[in-house]
Amino acid sequence: MCVLTAVAQQNTTIQGVVSDKSGPLPGAVIIEKDVPGNGTSANIDGKFTLTFKGKSHIITVRSVGYTSQDIKVVGTGVQNIKLQEDIKGLEEVVIVGYGTQKKITNTGAISSITGDEIRQSPSASIQNTLMGRLPGVVTQQQSGRPGQDGALIRIRGLSTFVGDGDASSGIPLVVVDDIEFRGALSDIDPDQVESLTILKDAATTAVYGVKGANGVIVITTRRGKLGKPSVTVKTETALQSPVIKPKYLDSYQTVLLRNQSVINDNPAATPIWNAADVEAFRTGADPYGHPNVDWYKELIRPSSLQSRTNLNISGGVDKVKYFISAGYLWQNGLIKDFSSNTSEVNSNYYYKRYNFRSNLDIQATKTLSLSLDATGTFGEENQPNIVGRGGYNSIFYELADYQALPPYAYAIYNPNVSYGAPLPKSQLSSQGTNIVGRLGLGGYLRSFSNELSINLKGKQVLDVITKGLSVRGTLAYNNINSFTRNLTRTDFPSYQYDAATDTYRALTPGLYRLPKLVLAYSNAGMIKRINLQGSINYDRTFNTHHVYALALYNQYTNSQGSGTPENFRGFTGRVGYDYKQKYLFELNAAYNGTDRFQASKRYGFFPAASIGYNLAEEPFFKNTFKFINVFKLRGSYGLVGSDKVGSAFAYVYKQIYTTNGTYSLGDVSRNVTNIAEGQLPNEDVRWEKEKSTDVGLDATMFGGHINLTADYFYKYRYDILTTREGVSTVIGAALPPVNLGIVDNRGYEVSLTYKGSAKGLTYSVNGNISVAKNKIIFRDEAAPAYPWLAKTGGAIGRVNGYIFDGFYTDAADIANSAQPVTGVIKPGDIKYKDLNADGIIDANDTRVLDYSNIPNTIYGFNASLSYKNFSLSVTLQAATNFTFNSGGDFASRGGNYREVNLDTWSPTNQNPSLPRLSDISTNNDPSVSFSNFWSKRLDYLRLKNVELSYRLKTKWLGRAGINDIRFYGNGYNLFTWMLKDKNIYDIDPETASTAGPAGYYPQQKIYNFGLQLSF
């Protein structure tokens, strides 16, 4: 009877409601104390049910943002539990390298965002949602192409000139669930993300050693929680349209400007188009001989579809917790459908992605926990095969190029519905076949990428030895397989139609029948990685003293087909201490390296130290500044490294030999392949190093209503790998890269947040600013003839150019001014400053321009509010101090004419937007004579993201087994305002500078509508 009574007491079932001062707290976790596997979570109404399995009858109640409570349960009545806001952040946990810490004791510089906040954006790529939300993050979404729309991301700007600021420079390390991620960040389904944290200083990145200097992005995925199975289904449909649509002139306006260009170059020349031609273009009376085609309207849709569907299942019992997710993404392209029964293929841009994830947590024994994570991504990307002039395979290149698609190029269809071909007078007969025919018949180029990862982890608690001690082990396998499948044809019948004789002439003589499509396949190779980690962890509190430590071993082998494997091995250590959460101290260090460097130079030691002092815990401070809850000063200093030096710099410690030509040997001539000495070796080559300093402040005021974070940082990057430019080529051999470059990068970040509530309304407002300015201290460049030619002393990524000094006004002005050494100068040409005052304009009169294409200042504004079942969030983002450098789009020798080309120089227009029209002037062509005239500031302010949602909760839903229904609409890139120069280029401000006509797929604005069901 005693045994039965004890069992009955242990199996007591209780019910309760968890709430705060504003109402129920859905998702709050309730766990039976000392029985960690026994717990549940509160439903949408804050209600829960729990059956005791132990004897204490004590429950621990936790919820993010609230102080946890231990409650002794007496009887079986309904437990009404009210949690208090954690205004000091005593319970808030942040992610750090290989672990977690309480935010209040963290001494490093970090920024973080929750998965729920990421999912407020309809963008398919995670990195597109971060700028303006996370201080220290700089992103540039340089394309809107399906499958290629992920933004370029950097942390605290650039600190290396390897790559000279291109897309390969300064890329941060990405870590997912403590394992280095090898795929594209944009391939991660946002629906699987629990949180994303940016590690920015040595205190947080030194544990990654040779891989930490560019900053680290740490992602944790969602895991199962104690409670009944929860099923969530979410489906979204979005309309995408270009943020900025270029507007080109029609044929009549274009031929007038083309004729003017010829006359400007030679007044005695015969215009390309005579008066009858011009009149035919004006009236449109001859659509076949004098066509007028709005190519953008004919080829590009006003909008395209994006859809996304996700299914998540999560839950857990005392022994097993699980999270299972499956997702599907579809992005369609902007190209109109020109397929037919004969075309056989889809030649539009599109992208399909399938994601799945299974995170399984098993409590094998009281002290041993295991987890098995499996995730996969399967992507399919399609683009049309429309290779045209110059070998470019981009419809947007051709739309911008007057030598490919001027409005008078050709009629799309002839009277007999055959494809039209470029007419002889269009001067395009050798430039490419009918673009509509190529889109309908040219086939496709299709790429596939399949990725599979499996992580097995185990944790053994060793309290039997000493409380707080544990060991962990991880075995991770990653596999990426990429291949292509192309179905293409290179030509098809098209005809030049002569309306006067009603005859047709084949563009390709003898081609009257459609050739077959040709199938081609290539395997890019399988990349495999095996990662092994083992660690010893210690975390214990002695009264008011908290001590923690980590010792970790990490190694991986990365192999691709028959290529040389890449091997990494390292050791990581961390020791930390805090007293009363007031005095804080931490040491981090890593000793690691890769076999990309010579054995004797392979490993490096990367230590860092950080301290913190929470003044708000001092009695004198509490009594004087009672409105301040937390006032933590912190600082860090350390050494970190970067082995992201580019594939061209791998194994440069070895001598390289090349085959070039042949030798003739023997009495009877016999050719033998020549083996010649190539690039010389550099046996001292090593990774880049960086001394990183950070000083910060974290403050919480007025009961948690105001939160302030501020940081100042200074990075000194040295041993940057660079190819010598100061050694004469007379040496006769290719020189290897050497560790000589030095860059300093400094700046600050400030984030201020206000949170409040009133009568059921909760709201939050955040403003932040990030500034990161770099300067090249040393790079091995040849001694410049003049100081203004040196790249040393300026920012990374800047280019050389002439300095605009107005326009030549007349012959007298030309005679009395410095002139270029080549080319013919006429009134209306751009005049450049003669920097060295030698009377001529040459390369010595160029200088490094003021700005690069990378912004150095970022502003963000975020606001959210909720009232009853409604919620609204808004993000504004701005970027300043950067330029776009046109490579020829708007010179008359380059791009199709736009409205700005009507405002060119003439004797009566001495203050134009563009120089005189010319077909021969190299002085005005930015692809030949680049100047700051073609470098335009693109500072902008953008309404980046808006979401409005409504959550429906009624009793009849519960009867149907549905917990809640959420309706929402959100938008991305909705409005953009230019803050400096007029956007005469009609481009998105995040576009990368170009060396030719704009061939980029336009960035997209997204209008998205979604429905979420929870069961």
# chains A, B, ... in the order shown; residues from 1 in each chain; ligands from 1
$ residues_around --residues "Gly732 in chain A" --least-positions-apart "6" --cutoff "12 Å" --atoms "only C-alpha atoms" --output "number ranges by chain"
A: 676-680
$ write_last_selection --atoms "N, CA, C and O atoms" --output "PDB file, in the first residue's frame"
ATOM      1  N   ALA A 676      59.100  23.944 -68.618  1.00  0.00           N
ATOM      2  CA  ALA A 676      59.795  25.177 -68.258  1.00  0.00           C
ATOM      3  C   ALA A 676      59.494  25.555 -66.823  1.00  0.00           C
ATOM      4  O   ALA A 676      58.455  25.188 -66.262  1.00  0.00           O
ATOM      5  N   GLU A 677      60.436  26.294 -66.263  1.00  0.00           N
ATOM      6  CA  GLU A 677      60.232  26.787 -64.906  1.00  0.00           C
ATOM      7  C   GLU A 677      59.116  27.817 -64.900  1.00  0.00           C
ATOM      8  O   GLU A 677      59.095  28.744 -65.693  1.00  0.00           O
ATOM      9  N   GLY A 678      58.151  27.620 -63.990  1.00  0.00           N
ATOM     10  CA  GLY A 678      57.041  28.557 -63.880  1.00  0.00           C
ATOM     11  C   GLY A 678      57.213  29.458 -62.675  1.00  0.00           C
ATOM     12  O   GLY A 678      58.315  29.955 -62.407  1.00  0.00           O
ATOM     13  N   GLN A 679      56.155  29.654 -61.927  1.00  0.00           N
ATOM     14  CA  GLN A 679      56.189  30.536 -60.776  1.00  0.00           C
ATOM     15  C   GLN A 679      57.165  30.024 -59.729  1.00  0.00           C
ATOM     16  O   GLN A 679      57.185  28.842 -59.393  1.00  0.00           O
ATOM     17  N   LEU A 680      57.968  30.921 -59.215  1.00  0.00           N
ATOM     18  CA  LEU A 680      58.940  30.550 -58.190  1.00  0.00           C
ATOM     19  C   LEU A 680      58.231  30.214 -56.880  1.00  0.00           C
ATOM     20  O   LEU A 680      57.132  30.703 -56.618  1.00  0.00           O
TER      21      LEU A 680
END
$ select_by_dssp --residues "range 732-897 of chain A" --states "helix (DSSP H, G or I)" --output "JSON, numbers by chain"
{"A": [787, 788, 789, 811, 812, 813, 814, 815, 843, 844, 845]}
$ closest_residue --among "A:Asp177, A:Glu618, A:Glu92, A:Asp277" --to "Leu256 in chain A" --atoms "only C-alpha atoms"
A:Asp277
$ closest_residue --among "A:Thr220, A:Gln192, A:Gln910, A:Leu399" --to "Ser314 in chain A" --atoms "only C-alpha atoms"
A:Gln192
$ closest_residue --among "A:Tyr714, A:Phe338, A:Tyr252, A:Tyr408" --to "Gly440 in chain A" --atoms "only C-alpha atoms"
A:Phe338
$ residues_around --residues "Thr474 in chain A" --least-positions-apart "6" --cutoff "10 Å" --atoms "only C-alpha atoms" --output "ChimeraX atom specification"
/A:178-179,370-372,455-459,531-535,554
$ residues_around --residues "Leu876 in chain A" --least-positions-apart "4" --cutoff "9 Å" --atoms "only C-alpha atoms" --output "VMD selection string"
chain A and resid 132 to 133 859 to 863 941 to 946
$ residues_around --residues "Ile313 in chain A" --least-positions-apart "3" --cutoff "10 Å" --atoms "only C-alpha atoms" --output "list in words"
Gly224, Pro229, Ser230, Val231, Thr232, Val233, Tyr322, Phe323, Ile324, Ser325, Ala326, Ser358, Ser1014 and Phe1015 of chain A
$ write_last_selection --atoms "N, CA, C and O atoms" --output "mmCIF file, in the first residue's frame"
data_model
loop_
_atom_site.group_PDB
_atom_site.id
_atom_site.type_symbol
_atom_site.label_atom_id
_atom_site.label_comp_id
_atom_site.auth_asym_id
_atom_site.auth_seq_id
_atom_site.Cartn_x
_atom_site.Cartn_y
_atom_site.Cartn_z
ATOM 1 N N GLY A 224 13.488 20.040 -31.390
ATOM 2 C CA GLY A 224 12.233 19.672 -30.748
ATOM 3 C C GLY A 224 12.157 20.152 -29.320
ATOM 4 O O GLY A 224 13.181 20.333 -28.647
ATOM 5 N N PRO A 229 3.031 16.512 -30.005
ATOM 6 C CA PRO A 229 3.452 16.822 -31.373
ATOM 7 C C PRO A 229 2.749 18.069 -31.904
ATOM 8 O O PRO A 229 1.542 18.240 -31.739
ATOM 9 N N SER A 230 3.517 18.933 -32.513
ATOM 10 C CA SER A 230 2.993 20.160 -33.106
ATOM 11 C C SER A 230 3.318 20.149 -34.594
ATOM 12 O O SER A 230 4.475 19.962 -34.982
ATOM 13 N N VAL A 231 2.303 20.338 -35.411
ATOM 14 C CA VAL A 231 2.466 20.349 -36.859
ATOM 15 C C VAL A 231 2.147 21.747 -37.376
ATOM 16 O O VAL A 231 1.104 22.311 -37.057
ATOM 17 N N THR A 232 3.063 22.296 -38.147
ATOM 18 C CA THR A 232 2.860 23.622 -38.725
ATOM 19 C C THR A 232 3.034 23.531 -40.232
ATOM 20 O O THR A 232 4.043 23.009 -40.723
ATOM 21 N N VAL A 233 2.052 24.023 -40.947
ATOM 22 C CA VAL A 233 2.095 24.071 -42.402
ATOM 23 C C VAL A 233 2.036 25.536 -42.826
ATOM 24 O O VAL A 233 1.180 26.291 -42.352
ATOM 25 N N TYR A 322 12.166 15.867 -31.090
ATOM 26 C CA TYR A 322 12.363 15.812 -32.529
ATOM 27 C C TYR A 322 11.870 17.089 -33.188
ATOM 28 O O TYR A 322 10.938 17.741 -32.751
ATOM 29 N N PHE A 323 12.559 17.438 -34.275
ATOM 30 C CA PHE A 323 12.130 18.512 -35.163
ATOM 31 C C PHE A 323 12.362 18.023 -36.585
ATOM 32 O O PHE A 323 13.484 17.669 -36.959
ATOM 33 N N ILE A 324 11.301 17.994 -37.368
ATOM 34 C CA ILE A 324 11.371 17.521 -38.743
ATOM 35 C C ILE A 324 10.810 18.610 -39.638
ATOM 36 O O ILE A 324 9.740 19.173 -39.362
ATOM 37 N N SER A 325 11.535 18.925 -40.694
ATOM 38 C CA SER A 325 11.126 20.023 -41.563
ATOM 39 C C SER A 325 11.345 19.637 -43.016
ATOM 40 O O SER A 325 12.334 18.990 -43.363
ATOM 41 N N ALA A 326 10.412 20.035 -43.857
ATOM 42 C CA ALA A 326 10.547 19.873 -45.300
ATOM 43 C C ALA A 326 10.082 21.158 -45.964
ATOM 44 O O ALA A 326 9.079 21.754 -45.554
ATOM 45 N N SER A 358 16.071 16.834 -40.282
ATOM 46 C CA SER A 358 15.584 16.031 -39.165
ATOM 47 C C SER A 358 16.582 16.162 -38.031
ATOM 48 O O SER A 358 17.728 15.723 -38.152
ATOM 49 N N SER A 1014 -1.359 25.770 -37.653
ATOM 50 C CA SER A 1014 -0.709 25.000 -36.597
ATOM 51 C C SER A 1014 -1.711 24.020 -36.012
ATOM 52 O O SER A 1014 -2.832 24.407 -35.649
ATOM 53 N N PHE A 1015 -1.284 22.749 -35.906
ATOM 54 C CA PHE A 1015 -2.154 21.695 -35.385
ATOM 55 C C PHE A 1015 -1.608 21.168 -34.057
ATOM 56 O O PHE A 1015 -0.408 21.135 -33.844
#
$ residues_around --residues "range 225-228 of chain A" --least-positions-apart "4" --cutoff "6 Å" --atoms "only C-alpha atoms" --output "PyMOL selection string"
chain A and resi 39-41+315-317
$ closest_residue --among "A:Lys21, A:Lys528, A:Arg182, A:Arg489" --to "Pro515 in chain A" --atoms "only C-alpha atoms"
A:Arg489
$ select_by_dssp --residues "range 323-552 of chain A" --states "strand (DSSP E)" --output "VMD selection string"
chain A and resid 323 to 332 350 to 363 368 to 384 443 to 461 469 to 488 495 to 498 503 to 506 518 to 542 545 to 552
$ closest_residue --among "A:Thr722, A:Thr822, A:Thr49, A:Thr375" --to "Thr922 in chain A" --atoms "only C-alpha atoms"
A:Thr822
$ closest_residue --among "A:Gly638, A:Gly16, A:Gly284, A:Gly89" --to "Tyr66 in chain A" --atoms "only C-alpha atoms"
A:Gly89
$ residues_around --residues "range 796-808 of chain A" --least-positions-apart "6" --cutoff "6 Å" --atoms "only C-alpha atoms" --output "ChimeraX atom specification"
/A:161,164-165,827-833,846-849,851-852,930-933
$ atom_distance --atom1 "CA of Lys868 in chain A" --atom2 "CA of Arg308 in chain A"
27.5 Å
